[in-house]
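Structure file work14.pdb; described as PDB, C-alpha atoms.
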```pdb
ATOM      1  CA  MET Z   1     109.390  87.020  92.089
ATOM      2  CA  PRO Z   2     109.380  85.799  95.684
ATOM      3  CA  ALA Z   3     111.368  82.708  96.490
ATOM      4  CA  SER Z   4     108.303  80.997  97.936
ATOM      5  CA  THR Z   5     105.709  80.076  95.316
ATOM      6  CA  PRO Z   6     103.019  82.783  95.122
ATOM      7  CA  SER Z   7      99.376  81.831  94.917
ATOM      8  CA  HIS Z   8      98.998  83.676  91.613
ATOM      9  CA  ARG Z   9     101.308  84.382  88.683
ATOM     10  CA  PRO Z  10     101.023  87.367  86.327
ATOM     11  CA  ASP Z  11     100.486  85.065  83.306
ATOM     12  CA  ALA Z  12      97.632  83.163  84.957
ATOM     13  CA  PRO Z  13      93.966  84.088  84.436
ATOM     14  CA  VAL Z  14      92.668  86.868  86.623
ATOM     15  CA  ARG Z  15      90.080  85.382  88.941
ATOM     16  CA  SER Z  16      87.967  88.498  89.463
ATOM     17  CA  GLU Z  17      84.514  88.024  87.967
ATOM     18  CA  ASP Z  18      84.018  91.793  87.760
ATOM     19  CA  ALA Z  19      86.599  92.471  85.031
ATOM     20  CA  PRO Z  20      85.939  91.709  81.336
ATOM     21  CA  LEU Z  21      88.541  89.718  79.432
ATOM     22  CA  ASP Z  22      90.202  92.767  77.851
ATOM     23  CA  GLU Z  23      90.638  94.325  81.289
ATOM     24  CA  GLN Z  24      92.174  91.096  82.554
ATOM     25  CA  ALA Z  25      94.792  91.223  79.817
ATOM     26  CA  HIS Z  26      95.695  94.804  80.693
ATOM     27  CA  VAL Z  27      96.008  93.920  84.392
ATOM     28  CA  ARG Z  28      98.231  90.905  83.660
ATOM     29  CA  GLN Z  29     100.478  93.003  81.445
ATOM     30  CA  ARG Z  30     100.978  95.717  84.068
ATOM     31  CA  LEU Z  31     101.512  93.202  86.854
ATOM     32  CA  ALA Z  32     104.165  91.386  84.825
ATOM     33  CA  ARG Z  33     106.033  94.651  84.236
ATOM     34  CA  ILE Z  34     105.935  95.552  87.930
ATOM     35  CA  VAL Z  35     107.138  92.216  89.285
ATOM     36  CA  SER Z  36     110.009  92.104  86.775
ATOM     37  CA  GLY Z  37     111.340  95.458  88.009
ATOM     38  CA  SER Z  38     114.795  95.554  89.554
ATOM     39  CA  ASP Z  39     113.684  96.731  93.017
ATOM     40  CA  PHE Z  40     110.526  94.672  93.345
ATOM     41  CA  PRO Z  41     111.841  91.174  94.222
ATOM     42  CA  ALA Z  42     113.205  92.375  97.584
ATOM     43  CA  LEU Z  43     109.795  93.662  98.677
ATOM     44  CA  SER Z  44     108.097  90.508  97.399
ATOM     45  CA  GLN Z  45     110.523  88.338  99.364
ATOM     46  CA  GLN Z  46     109.811  90.277 102.556
ATOM     47  CA  ILE Z  47     106.061  89.983 102.002
ATOM     48  CA  ALA Z  48     106.384  86.254 101.252
ATOM     49  CA  ASP Z  49     108.476  85.681 104.380
ATOM     50  CA  THR Z  50     105.920  87.523 106.468
ATOM     51  CA  ILE Z  51     102.829  85.848 105.021
ATOM     52  CA  SER Z  52     104.411  82.388 105.366
ATOM     53  CA  ALA Z  53     104.481  82.741 109.165
ATOM     54  CA  LEU Z  54     100.898  81.633 109.645
ATOM     55  CA  ASP Z  55     100.900  79.931 113.006
ATOM     56  CA  ASP Z  56     101.890  80.633 116.579
ATOM     57  CA  ASN Z  57     104.343  77.721 116.650
ATOM     58  CA  ALA Z  58     108.041  78.153 117.376
ATOM     59  CA  SER Z  59     109.312  77.948 113.778
ATOM     60  CA  SER Z  60     106.763  80.467 112.506
ATOM     61  CA  MET Z  61     107.585  82.900 115.277
ATOM     62  CA  GLN Z  62     111.310  82.491 114.605
ATOM     63  CA  ARG Z  63     110.886  83.309 110.901
ATOM     64  CA  LEU Z  64     108.640  86.230 111.701
ATOM     65  CA  THR Z  65     111.006  87.566 114.355
ATOM     66  CA  SER Z  66     113.763  87.595 111.737
ATOM     67  CA  VAL Z  67     111.602  89.705 109.410
ATOM     68  CA  VAL Z  68     110.619  92.118 112.165
ATOM     69  CA  LEU Z  69     114.147  92.634 113.472
ATOM     70  CA  ARG Z  70     115.441  93.468 109.983
ATOM     71  CA  GLU Z  71     113.269  96.602 109.954
ATOM     72  CA  TYR Z  72     113.967  99.047 112.777
ATOM     73  CA  SER Z  73     110.658 100.889 112.413
ATOM     74  CA  LEU Z  74     108.777  97.581 112.341
ATOM     75  CA  THR Z  75     110.495  96.449 115.548
ATOM     76  CA  LEU Z  76     109.488  99.639 117.327
ATOM     77  CA  SER Z  77     105.949  99.493 115.971
ATOM     78  CA  VAL Z  78     105.394  95.924 117.193
ATOM     79  CA  VAL Z  79     106.441  96.932 120.701
ATOM     80  CA  ARG Z  80     104.275 100.051 120.557
ATOM     81  CA  ILE Z  81     101.177  98.127 119.432
ATOM     82  CA  ALA Z  82     101.714  95.508 122.156
ATOM     83  CA  ASN Z  83     101.676  98.325 124.721
ATOM     84  CA  SER Z  84      98.466  99.842 123.371
ATOM     85  CA  ALA Z  85      95.295  99.753 125.429
ATOM     86  CA  HIS Z  86      93.711  97.148 123.164
ATOM     87  CA  TYR Z  87      96.425  94.525 123.665
ATOM     88  CA  ARG Z  88      98.121  95.304 126.946
ATOM     89  CA  ARG Z  89      97.176  92.923 129.762
ATOM     90  CA  ALA Z  90      99.178  94.328 132.656
ATOM     91  CA  ASP Z  91     100.386  97.620 134.072
ATOM     92  CA  ARG Z  92     104.006  96.833 133.214
ATOM     93  CA  GLN Z  93     105.445  98.209 129.964
ATOM     94  CA  ILE Z  94     106.679  95.667 127.414
ATOM     95  CA  GLN Z  95     110.202  96.498 126.210
ATOM     96  CA  SER Z  96     111.241  93.294 124.428
ATOM     97  CA  VAL Z  97     110.180  92.679 120.829
ATOM     98  CA  THR Z  98     110.109  88.930 121.550
ATOM     99  CA  ARG Z  99     107.685  89.386 124.440
ATOM    100  CA  ALA Z 100     105.620  91.774 122.346
ATOM    101  CA  MET Z 101     105.323  89.212 119.552
ATOM    102  CA  VAL Z 102     104.353  86.438 121.959
ATOM    103  CA  LEU Z 103     101.642  88.682 123.390
ATOM    104  CA  LEU Z 104     100.287  89.675 119.992
ATOM    105  CA  GLY Z 105     100.659  86.277 118.310
ATOM    106  CA  ALA Z 106     102.074  85.457 114.883
ATOM    107  CA  ARG Z 107      98.851  86.242 113.011
ATOM    108  CA  THR Z 108      98.583  89.767 114.403
ATOM    109  CA  VAL Z 109     102.284  90.524 113.918
ATOM    110  CA  ARG Z 110     102.155  89.124 110.390
ATOM    111  CA  GLN Z 111      99.357  91.509 109.461
ATOM    112  CA  LEU Z 112     100.990  94.480 111.146
ATOM    113  CA  ALA Z 113     104.319  93.681 109.485
ATOM    114  CA  SER Z 114     102.772  93.392 106.021
ATOM    115  CA  SER Z 115     101.095  96.790 106.420
ATOM    116  CA  LEU Z 116     104.276  98.511 107.541
ATOM    117  CA  LEU Z 117     106.474  96.860 104.917
ATOM    118  CA  LEU Z 118     104.225  98.313 102.233
ATOM    119  CA  PHE Z 119     104.242 101.708 103.904
ATOM    120  CA  GLU Z 120     108.014 101.787 104.352
ATOM    121  CA  ASN Z 121     108.754 100.658 100.788
ATOM    122  CA  TYR Z 122     106.566 103.121  98.915
ATOM    123  CA  ARG Z 123     106.703 106.214 101.100
ATOM    124  CA  LYS Z 124     110.455 106.516 100.339
ATOM    125  CA  LYS Z 125     109.991 106.720  96.561
ATOM    126  CA  SER Z 126     108.813 110.308  96.048
ATOM    127  CA  ALA Z 127     106.915 113.157  97.682
ATOM    128  CA  GLY Z 128     103.762 112.188  95.788
ATOM    129  CA  LEU Z 129     104.010 108.580  96.913
ATOM    130  CA  LYS Z 130     104.683 109.648 100.486
ATOM    131  CA  GLU Z 131     101.342 111.489 100.381
ATOM    132  CA  LEU Z 132      99.569 108.446  98.942
ATOM    133  CA  MET Z 133     101.083 106.211 101.610
ATOM    134  CA  LEU Z 134     100.073 108.706 104.282
ATOM    135  CA  LEU Z 135      96.484 108.429 103.054
ATOM    136  CA  SER Z 136      96.753 104.625 102.897
ATOM    137  CA  LEU Z 137      98.036 104.596 106.469
ATOM    138  CA  LEU Z 138      95.140 106.801 107.570
ATOM    139  CA  THR Z 139      92.730 104.363 105.907
ATOM    140  CA  ALA Z 140      94.450 101.468 107.675
ATOM    141  CA  ASN Z 141      94.210 103.250 111.027
ATOM    142  CA  HIS Z 142      90.575 104.176 110.383
ATOM    143  CA  ALA Z 143      89.873 100.502 109.701
ATOM    144  CA  ARG Z 144      91.632  99.349 112.857
ATOM    145  CA  GLU Z 145      89.841 101.871 115.079
ATOM    146  CA  VAL Z 146      86.445 101.064 113.563
ATOM    147  CA  ALA Z 147      87.111  97.346 114.085
ATOM    148  CA  ILE Z 148      87.957  97.976 117.737
ATOM    149  CA  LYS Z 149      84.816 100.065 118.244
ATOM    150  CA  LEU Z 150      82.670  97.356 116.671
ATOM    151  CA  GLY Z 151      84.277  94.663 118.818
ATOM    152  CA  VAL Z 152      85.963  92.817 115.957
ATOM    153  CA  SER Z 153      88.416  90.276 117.366
ATOM    154  CA  ASP Z 154      91.227  90.934 114.868
ATOM    155  CA  PRO Z 155      91.704  94.696 114.320
ATOM    156  CA  GLU Z 156      95.138  94.209 112.731
ATOM    157  CA  GLU Z 157      93.508  92.252 109.910
ATOM    158  CA  ALA Z 158      91.316  95.289 109.287
ATOM    159  CA  HIS Z 159      94.473  97.446 109.380
ATOM    160  CA  LEU Z 160      96.140  95.334 106.662
ATOM    161  CA  CYS Z 161      92.960  95.391 104.567
ATOM    162  CA  GLY Z 162      92.834  99.168 104.884
ATOM    163  CA  MET Z 163      96.473  99.512 103.850
ATOM    164  CA  CYS Z 164      95.866  97.377 100.746
ATOM    165  CA  ARG Z 165      92.592  99.051  99.730
ATOM    166  CA  ASN Z 166      94.429 101.727  97.745
ATOM    167  CA  LEU Z 167      97.311  99.490  96.635
ATOM    168  CA  GLY Z 168      96.399  99.646  92.951
ATOM    169  CA  GLU Z 169      96.710 103.433  92.841
ATOM    170  CA  VAL Z 170     100.013 103.269  94.731
ATOM    171  CA  LEU Z 171     101.406 100.745  92.232
ATOM    172  CA  ILE Z 172     100.413 102.842  89.229
ATOM    173  CA  ALA Z 173     101.756 106.048  90.780
ATOM    174  CA  CYS Z 174     105.091 104.377  91.560
ATOM    175  CA  HIS Z 175     105.695 102.229  88.500
ATOM    176  CA  PHE Z 176     103.812 104.160  85.796
ATOM    177  CA  PRO Z 177     104.071 107.840  86.797
ATOM    178  CA  VAL Z 178     103.299 109.205  83.314
ATOM    179  CA  ASP Z 179     100.030 107.274  83.140
ATOM    180  CA  TYR Z 180      99.207 108.301  86.691
ATOM    181  CA  ALA Z 181      99.719 111.964  85.772
ATOM    182  CA  ARG Z 182      97.345 111.524  82.819
ATOM    183  CA  ILE Z 183      94.689 110.066  85.118
ATOM    184  CA  LEU Z 184      95.052 112.943  87.582
ATOM    185  CA  THR Z 185      94.721 115.445  84.726
ATOM    186  CA  LEU Z 186      91.507 113.844  83.477
ATOM    187  CA  VAL Z 187      90.022 113.937  86.967
ATOM    188  CA  ARG Z 188      91.260 117.459  87.700
ATOM    189  CA  ASP Z 189      89.815 118.759  84.412
ATOM    190  CA  ARG Z 190      86.491 117.194  85.427
ATOM    191  CA  THR Z 191      86.217 115.296  82.165
ATOM    192  CA  HIS Z 192      86.194 111.954  84.016
ATOM    193  CA  HIS Z 193      85.516 110.473  87.410
ATOM    194  CA  GLU Z 194      88.409 108.463  88.789
ATOM    195  CA  ALA Z 195      87.047 105.081  87.692
ATOM    196  CA  SER Z 196      86.415 106.161  84.101
ATOM    197  CA  ALA Z 197      89.779 107.966  83.976
ATOM    198  CA  THR Z 198      91.683 104.838  85.036
ATOM    199  CA  ILE Z 199      89.816 102.720  82.487
ATOM    200  CA  ALA Z 200      90.507 105.298  79.757
ATOM    201  CA  VAL Z 201      94.247 105.367  80.496
ATOM    202  CA  LEU Z 202      94.975 101.872  81.829
ATOM    203  CA  GLY Z 203      92.123  99.718  80.561
ATOM    204  CA  PHE Z 204      91.128  98.741  84.115
ATOM    205  CA  ARG Z 205      90.393 100.194  87.563
ATOM    206  CA  TYR Z 206      92.989 100.645  90.283
ATOM    207  CA  GLU Z 207      91.215  97.983  92.346
ATOM    208  CA  ASP Z 208      91.769  95.326  89.665
ATOM    209  CA  LEU Z 209      95.535  95.700  89.920
ATOM    210  CA  GLY Z 210      95.486  95.953  93.715
ATOM    211  CA  GLU Z 211      93.516  92.735  93.995
ATOM    212  CA  GLU Z 212      95.859  90.864  91.664
ATOM    213  CA  MET Z 213      98.962  92.042  93.482
ATOM    214  CA  CYS Z 214      97.483  90.819  96.764
ATOM    215  CA  ARG Z 215      96.909  87.428  95.110
ATOM    216  CA  TYR Z 216     100.466  87.396  93.776
ATOM    217  CA  TRP Z 217     101.827  87.982  97.265
ATOM    218  CA  GLY Z 218      99.637  85.223  98.691
ATOM    219  CA  MET Z 219      97.711  87.570 100.961
ATOM    220  CA  PRO Z 220      94.804  86.031 102.920
ATOM    221  CA  ASP Z 221      91.484  85.899 101.044
ATOM    222  CA  THR Z 222      90.036  88.563 103.341
ATOM    223  CA  VAL Z 223      92.714  91.017 102.224
ATOM    224  CA  VAL Z 224      92.339  90.082  98.541
ATOM    225  CA  GLN Z 225      88.595  90.677  98.692
ATOM    226  CA  SER Z 226      88.992  93.932 100.603
ATOM    227  CA  ALA Z 227      91.299  95.358  97.926
ATOM    228  CA  ARG Z 228      88.135  96.240  95.987
ATOM    229  CA  ALA Z 229      85.674  96.366  98.881
ATOM    230  CA  ARG Z 230      82.611  98.581  98.436
ATOM    231  CA  SER Z 231      79.619  98.997 100.686
ATOM    232  CA  THR Z 232      77.190  97.234  98.364
ATOM    233  CA  ARG Z 233      79.520  94.310  97.623
ATOM    234  CA  ALA Z 234      81.269  93.715 100.932
ATOM    235  CA  ALA Z 235      80.345  90.169 101.906
ATOM    236  CA  THR Z 236      82.171  90.275 105.230
ATOM    237  CA  GLN Z 237      82.250  92.664 108.155
ATOM    238  CA  THR Z 238      85.948  93.303 107.531
ATOM    239  CA  GLY Z 239      85.155  94.144 103.912
ATOM    240  CA  ALA Z 240      82.503  96.633 105.000
ATOM    241  CA  ILE Z 241      84.896  98.188 107.512
ATOM    242  CA  THR Z 242      87.588  98.482 104.823
ATOM    243  CA  ALA Z 243      85.226 100.138 102.361
ATOM    244  CA  PHE Z 244      84.015 102.546 105.037
ATOM    245  CA  ALA Z 245      87.584 103.401 106.079
ATOM    246  CA  HIS Z 246      88.525 104.053 102.441
ATOM    247  CA  GLU Z 247      85.583 106.363 101.827
ATOM    248  CA  LEU Z 248      86.151 108.091 105.158
ATOM    249  CA  THR Z 249      89.698 108.950 104.077
ATOM    250  CA  SER Z 250      88.432 110.186 100.718
ATOM    251  CA  VAL Z 251      85.695 112.374 102.141
ATOM    252  CA  MET Z 252      88.011 113.794 104.790
ATOM    253  CA  TYR Z 253      91.214 114.360 102.900
ATOM    254  CA  ARG Z 254      90.815 113.941  99.134
ATOM    255  CA  ARG Z 255      88.027 116.321  98.193
ATOM    256  CA  ASP Z 256      87.979 120.064  97.639
ATOM    257  CA  ALA Z 257      84.739 121.093  99.328
ATOM    258  CA  ASP Z 258      83.511 123.927 101.500
ATOM    259  CA  ALA Z 259      82.521 123.290 105.100
ATOM    260  CA  GLY Z 260      78.853 122.657 104.332
ATOM    261  CA  ASP Z 261      79.577 120.223 101.516
ATOM    262  CA  ALA Z 262      82.224 118.416 103.567
ATOM    263  CA  ARG Z 263      79.751 117.793 106.385
ATOM    264  CA  LYS Z 264      77.077 116.637 103.939
ATOM    265  CA  ASP Z 265      79.539 114.285 102.252
ATOM    266  CA  LEU Z 266      80.551 112.792 105.603
ATOM    267  CA  ASP Z 267      76.916 112.340 106.641
ATOM    268  CA  ALA Z 268      76.257 110.595 103.327
ATOM    269  CA  VAL Z 269      79.111 108.139 103.954
ATOM    270  CA  ILE Z 270      77.914 107.430 107.510
ATOM    271  CA  ALA Z 271      74.358 106.820 106.250
ATOM    272  CA  LYS Z 272      75.545 104.676 103.339
ATOM    273  CA  PHE Z 273      77.405 102.282 105.627
ATOM    274  CA  ALA Z 274      74.972 102.405 108.554
ATOM    275  CA  PRO Z 275      73.582  98.879 107.947
ATOM    276  CA  ARG Z 276      77.059  97.355 108.372
ATOM    277  CA  VAL Z 277      79.081  99.959 110.277
ATOM    278  CA  ARG Z 278      76.842 101.297 113.034
ATOM    279  CA  LEU Z 279      78.698 104.420 114.110
ATOM    280  CA  ASN Z 280      77.290 107.885 114.700
ATOM    281  CA  ARG Z 281      79.029 111.165 113.864
ATOM    282  CA  ALA Z 282      80.559 111.478 117.352
ATOM    283  CA  GLN Z 283      81.992 107.953 117.179
ATOM    284  CA  VAL Z 284      83.364 108.627 113.706
ATOM    285  CA  GLY Z 285      85.014 111.739 115.129
ATOM    286  CA  GLU Z 286      86.729 109.566 117.730
ATOM    287  CA  VAL Z 287      87.908 107.173 115.009
ATOM    288  CA  VAL Z 288      89.330 110.042 112.962
ATOM    289  CA  ALA Z 289      91.115 111.607 115.944
ATOM    290  CA  LEU Z 290      92.635 108.275 117.002
ATOM    291  CA  ALA Z 291      93.746 107.513 113.442
ATOM    292  CA  LEU Z 292      95.512 110.872 113.152
ATOM    293  CA  ASP Z 293      97.233 110.325 116.502
ATOM    294  CA  GLU Z 294      98.253 106.794 115.531
ATOM    295  CA  THR Z 295      99.645 108.006 112.213
ATOM    296  CA  HIS Z 296     101.639 110.767 113.888
ATOM    297  CA  ASP Z 297     102.939 108.362 116.543
ATOM    298  CA  LEU Z 298     104.102 105.894 113.902
ATOM    299  CA  PHE Z 299     106.081 108.632 112.168
ATOM    300  CA  VAL Z 300     107.729 109.623 115.437
ATOM    301  CA  THR Z 301     108.401 106.043 116.553
ATOM    302  CA  ALA Z 302     109.882 105.084 113.192
ATOM    303  CA  GLY Z 303     112.064 108.168 113.015
ATOM    304  CA  ILE Z 304     110.244 109.463 109.933
ATOM    305  CA  ARG Z 305     110.300 113.223 109.626
ATOM    306  CA  VAL Z 306     106.859 114.555 110.493
ATOM    307  CA  ASP Z 307     105.555 117.369 108.319
ATOM    308  CA  ALA Z 308     103.858 119.417 111.018
ATOM    309  CA  LEU Z 309     102.084 121.619 108.467
ATOM    310  CA  ARG Z 310     100.610 118.632 106.624
ATOM    311  CA  MET Z 311      99.420 117.012 109.854
ATOM    312  CA  ARG Z 312      97.805 120.300 110.862
ATOM    313  CA  GLN Z 313      96.102 120.515 107.457
ATOM    314  CA  LEU Z 314      94.734 117.013 107.888
ATOM    315  CA  ALA Z 315      93.413 117.843 111.357
ATOM    316  CA  GLU Z 316      91.770 121.013 110.046
ATOM    317  CA  ALA Z 317      90.158 119.105 107.168
ATOM    318  CA  ALA Z 318      88.809 116.554 109.651
ATOM    319  CA  CYS Z 319      87.402 119.306 111.880
ATOM    320  CA  THR Z 320      85.695 120.890 108.870
ATOM    321  CA  ALA Z 321      84.000 117.659 107.841
ATOM    322  CA  LEU Z 322      83.016 116.823 111.428
ATOM    323  CA  GLY Z 323      81.784 120.349 112.153
ATOM    324  CA  VAL Z 324      83.904 120.749 115.269
ATOM    325  CA  SER Z 325      86.499 123.287 116.314
ATOM    326  CA  ALA Z 326      89.020 120.732 117.558
ATOM    327  CA  LEU Z 327      89.477 116.950 117.688
ATOM    328  CA  ASP Z 328      89.239 115.361 121.129
TER     329      ASP Z 328
END
```
Would you write the structure of this file as structure tokens?
Amino acid sequence: MPASTPSHRPDAPVRSEDAPLDEQAHVRQRLARIVSGSDFPALSQQIADTISALDDNASSMQRLTSVVLREYSLTLSVVRIANSAHYRRADRQIQSVTRAMVLLGARTVRQLASSLLLFENYRKKSAGLKELMLLSLLTANHAREVAIKLGVSDPEEAHLCGMCRNLGEVLIACHFPVDYARILTLVRDRTHHEASATIAVLGFRYEDLGEEMCRYWGMPDTVVQSARARSTRAATQTGAITAFAHELTSVMYRRDADAGDARKDLDAVIAKFAPRVRLNRAQVGEVVALALDETHDLFVTAGIRVDALRMRQLAEAACTALGVSALD
């Protein structure tokens, strides 16, 4: 358990109004088992330290700087983001992490740091989790790029929401691998859709656990709500962007479909979200291309070995769904 008091404890009532009481009990039980694990307190402490730096004042920035400098890949990523076209305000490159953090502000760095702490922790666990975290990172980058295209003022908040959207599945895959394998078998055998498979095995949906973990860590309400964001329920623009980014990742990279079906599935997602996320196919193609580049760049910057074959497979899957020969 983090040293700072979390906003939610595993033995407290689950606040989601969507889950029946029996599902709440199952969620609380799993959450309690996760947070009592031997390797979990360190991650929780890092998340708590990051989330506690809420303001742009000197003490908050000092605490946040300490968190950032402890993680080499996080340090490099903060500098890289500060030098991106969206944030950079001059022709001169920013080399100092301190200057980069001042430029971005504590709120933006906090959200970026939380995303990357999750990515770094879980991608190291196993090959299967590395793939899940790759997909979560793609969702996060989709969300950021969509937010930028729509003129949202805080794209890093969308990035954190995107990273947490699939948190429940990541937690189950990491901490309950046998149950996760059972869920995958049910889905693969086409006896269940994912939601019914998770309920059959766990007694709840992935999103229920993801939402509760975000509450436990004291994540902002926007992130908590986005952990289960869907197009028909998203009350905020960030929630709609998160849901769109999640479905975009699924339709691009998590379905076995021929070229025609892939394009139809993508068109269906674009049409479904059109009232809240007004992007055409060409703009979505730009989002996808930028997200793939951003994901690759993060791997290189952080010194993570890049699987060139897997990145090429992702690019080919994106081209298939978009109906293009190459990404711009």
* To do: Just the residues within 7 Å of Z:Gln111, please, counting all atoms listed in the file, with nothing from its chain fewer than 6 positions along; format it as a list in words.
  => Glu156, Glu157 and Leu160 of chain Z
With only C-alpha atoms counted and 8 Å as the cut-off, give the residues of stretch 124-154 of chain Z in contact with stretch 293-298 of chain Z, each with its shortest interatomic distance in Å and the pair that gives it, as a Markdown table.
```
| residue | atom | partner | partner_atom | distance |
| --- | --- | --- | --- | --- |
| Z:Leu134 | CA | Z:Thr295 | CA | 8.0 |
| Z:Leu137 | CA | Z:Thr295 | CA | 6.9 |
| Z:Leu138 | CA | Z:Thr295 | CA | 6.6 |
| Z:Asn141 | CA | Z:Glu294 | CA | 7.0 |
```
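The gap separating atom CA of Z:Gly168 from atom CA of Z:Gly128 is 14.8 Å, in Å to one decimal.
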* To do: Place a sphere of radius 12 Å on (78.7, 115.7, 106.8) in the file coordinates and name every protein, DNA or RNA residue with an atom inside or on its surface, counting all atoms listed in the file; give the answer as a ChimeraX atom specification.
  => /Z:248,251-252,257-272,280-282,284-285,317-324
* For Z:Tyr216, which residue out of Z:Asp22, Z:Leu135, Z:Arg28, Z:Gln283 is the nearest one, using all atoms listed in the file? -> Z:Arg28
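Put simply, atom CA of Z:Phe244 is 6.6 Å away from atom CA of Z:Phe273.
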* Which of these residues is nearest to Z:Gly218, using all atoms listed in the file: Z:Ser114, Z:Thr198, Z:Ser38, Z:Asn83? -> Z:Ser114
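Distance check against Z:Ser84 using all atoms listed in the file: of Z:Leu103, Z:Met133, Z:Val187, Z:Leu69, the minimum falls on Z:Leu103.
When only C-alpha atoms are used to measure the gap to Z:Glu169, the shortest distance among Z:Ala200, Z:Leu43, Z:Leu209, Z:Leu117 belongs to Z:Leu209.
Taking all atoms listed in the file into account, Z:Glu211 lies nearest to Z:Gln24 out of the set Z:Ser250, Z:Gln24, Z:Gln237, Z:Gln62.
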* Asked: Evaluating the PyMOL selection byres ((chain Z and resi 224) around 9) on the displayed file yields which residues, as a VMD selection string?
  -> chain Z and resid 161 164 210 to 215 218 to 223 225 to 228
How would the residues just chosen look if you wrote them out with C-alpha atoms as a JSON list (two decimals), keeping the file's coordinate frame?
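New file selection.json:
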```json
[["chain", "number", "residue", "atom", "x", "y", "z"],
["Z", 161, "CYS", "CA", 92.96, 95.39, 104.57],
["Z", 164, "CYS", "CA", 95.87, 97.38, 100.75],
["Z", 210, "GLY", "CA", 95.49, 95.95, 93.72],
["Z", 211, "GLU", "CA", 93.52, 92.74, 94.00],
["Z", 212, "GLU", "CA", 95.86, 90.86, 91.66],
["Z", 213, "MET", "CA", 98.96, 92.04, 93.48],
["Z", 214, "CYS", "CA", 97.48, 90.82, 96.76],
["Z", 215, "ARG", "CA", 96.91, 87.43, 95.11],
["Z", 218, "GLY", "CA", 99.64, 85.22, 98.69],
["Z", 219, "MET", "CA", 97.71, 87.57, 100.96],
["Z", 220, "PRO", "CA", 94.80, 86.03, 102.92],
["Z", 221, "ASP", "CA", 91.48, 85.90, 101.04],
["Z", 222, "THR", "CA", 90.04, 88.56, 103.34],
["Z", 223, "VAL", "CA", 92.71, 91.02, 102.22],
["Z", 225, "GLN", "CA", 88.60, 90.68, 98.69],
["Z", 226, "SER", "CA", 88.99, 93.93, 100.60],
["Z", 227, "ALA", "CA", 91.30, 95.36, 97.93],
["Z", 228, "ARG", "CA", 88.14, 96.24, 95.99]]
```
List the residues selected by the PyMOL selection byres ((chain Z and resi 131) around 12) in the file shown, writing them as a tab-separated table (two decimals) with C-alpha atoms, in the frame of the given file.
```
chain	number	residue	atom	x	y	z
Z	119	PHE	CA	104.24	101.71	103.90
Z	122	TYR	CA	106.57	103.12	98.92
Z	123	ARG	CA	106.70	106.21	101.10
Z	124	LYS	CA	110.46	106.52	100.34
Z	125	LYS	CA	109.99	106.72	96.56
Z	126	SER	CA	108.81	110.31	96.05
Z	127	ALA	CA	106.92	113.16	97.68
Z	128	GLY	CA	103.76	112.19	95.79
Z	129	LEU	CA	104.01	108.58	96.91
Z	130	LYS	CA	104.68	109.65	100.49
Z	132	LEU	CA	99.57	108.45	98.94
Z	133	MET	CA	101.08	106.21	101.61
Z	134	LEU	CA	100.07	108.71	104.28
Z	135	LEU	CA	96.48	108.43	103.05
Z	136	SER	CA	96.75	104.62	102.90
Z	137	LEU	CA	98.04	104.60	106.47
Z	138	LEU	CA	95.14	106.80	107.57
Z	169	GLU	CA	96.71	103.43	92.84
Z	170	VAL	CA	100.01	103.27	94.73
Z	173	ALA	CA	101.76	106.05	90.78
Z	174	CYS	CA	105.09	104.38	91.56
Z	253	TYR	CA	91.21	114.36	102.90
Z	254	ARG	CA	90.82	113.94	99.13
Z	306	VAL	CA	106.86	114.56	110.49
Z	307	ASP	CA	105.56	117.37	108.32
Z	310	ARG	CA	100.61	118.63	106.62
Z	311	MET	CA	99.42	117.01	109.85
Z	314	LEU	CA	94.73	117.01	107.89
```
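The space between atom CA of Z:Met163 and atom CA of Z:Asp189 spans 28.2 Å.
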* Asked: Do you know which residues the PyMOL selection byres ((chain Z and resi 75-78) around 12) returns on this file, as an MDAnalysis selection string?
  -> chainID Z and resid 64:74 79:84 87 94:106 108:117 156 294:295 297:303
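With distances restricted to all atoms listed in the file, Z:Leu202 is the closest residue to Z:Ile183 from Z:Leu202, Z:Ala229, Z:Ala48, Z:Ala143.
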Complete stretch 270-274 of chain Z at the level of N, CA, C and O atoms, written as an mmCIF file, in the coordinates of the input.
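After the write, rebuild26.cif holds the following:
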```
data_model
loop_
_atom_site.group_PDB
_atom_site.id
_atom_site.type_symbol
_atom_site.label_atom_id
_atom_site.label_comp_id
_atom_site.auth_asym_id
_atom_site.auth_seq_id
_atom_site.Cartn_x
_atom_site.Cartn_y
_atom_site.Cartn_z
ATOM 1 N N ILE Z 270 78.390 108.082 106.284
ATOM 2 C CA ILE Z 270 77.914 107.430 107.510
ATOM 3 C C ILE Z 270 76.590 106.726 107.260
ATOM 4 O O ILE Z 270 76.374 105.582 107.680
ATOM 5 N N ALA Z 271 75.672 107.406 106.545
ATOM 6 C CA ALA Z 271 74.358 106.820 106.250
ATOM 7 C C ALA Z 271 74.482 105.626 105.306
ATOM 8 O O ALA Z 271 73.790 104.608 105.473
ATOM 9 N N LYS Z 272 75.350 105.743 104.330
ATOM 10 C CA LYS Z 272 75.545 104.676 103.339
ATOM 11 C C LYS Z 272 75.984 103.377 103.998
ATOM 12 O O LYS Z 272 75.546 102.283 103.615
ATOM 13 N N PHE Z 273 76.852 103.480 104.996
ATOM 14 C CA PHE Z 273 77.405 102.282 105.627
ATOM 15 C C PHE Z 273 76.676 101.885 106.907
ATOM 16 O O PHE Z 273 77.051 100.892 107.539
ATOM 17 N N ALA Z 274 75.658 102.638 107.281
ATOM 18 C CA ALA Z 274 74.972 102.405 108.554
ATOM 19 C C ALA Z 274 74.503 100.962 108.762
ATOM 20 O O ALA Z 274 74.585 100.443 109.881
#
```
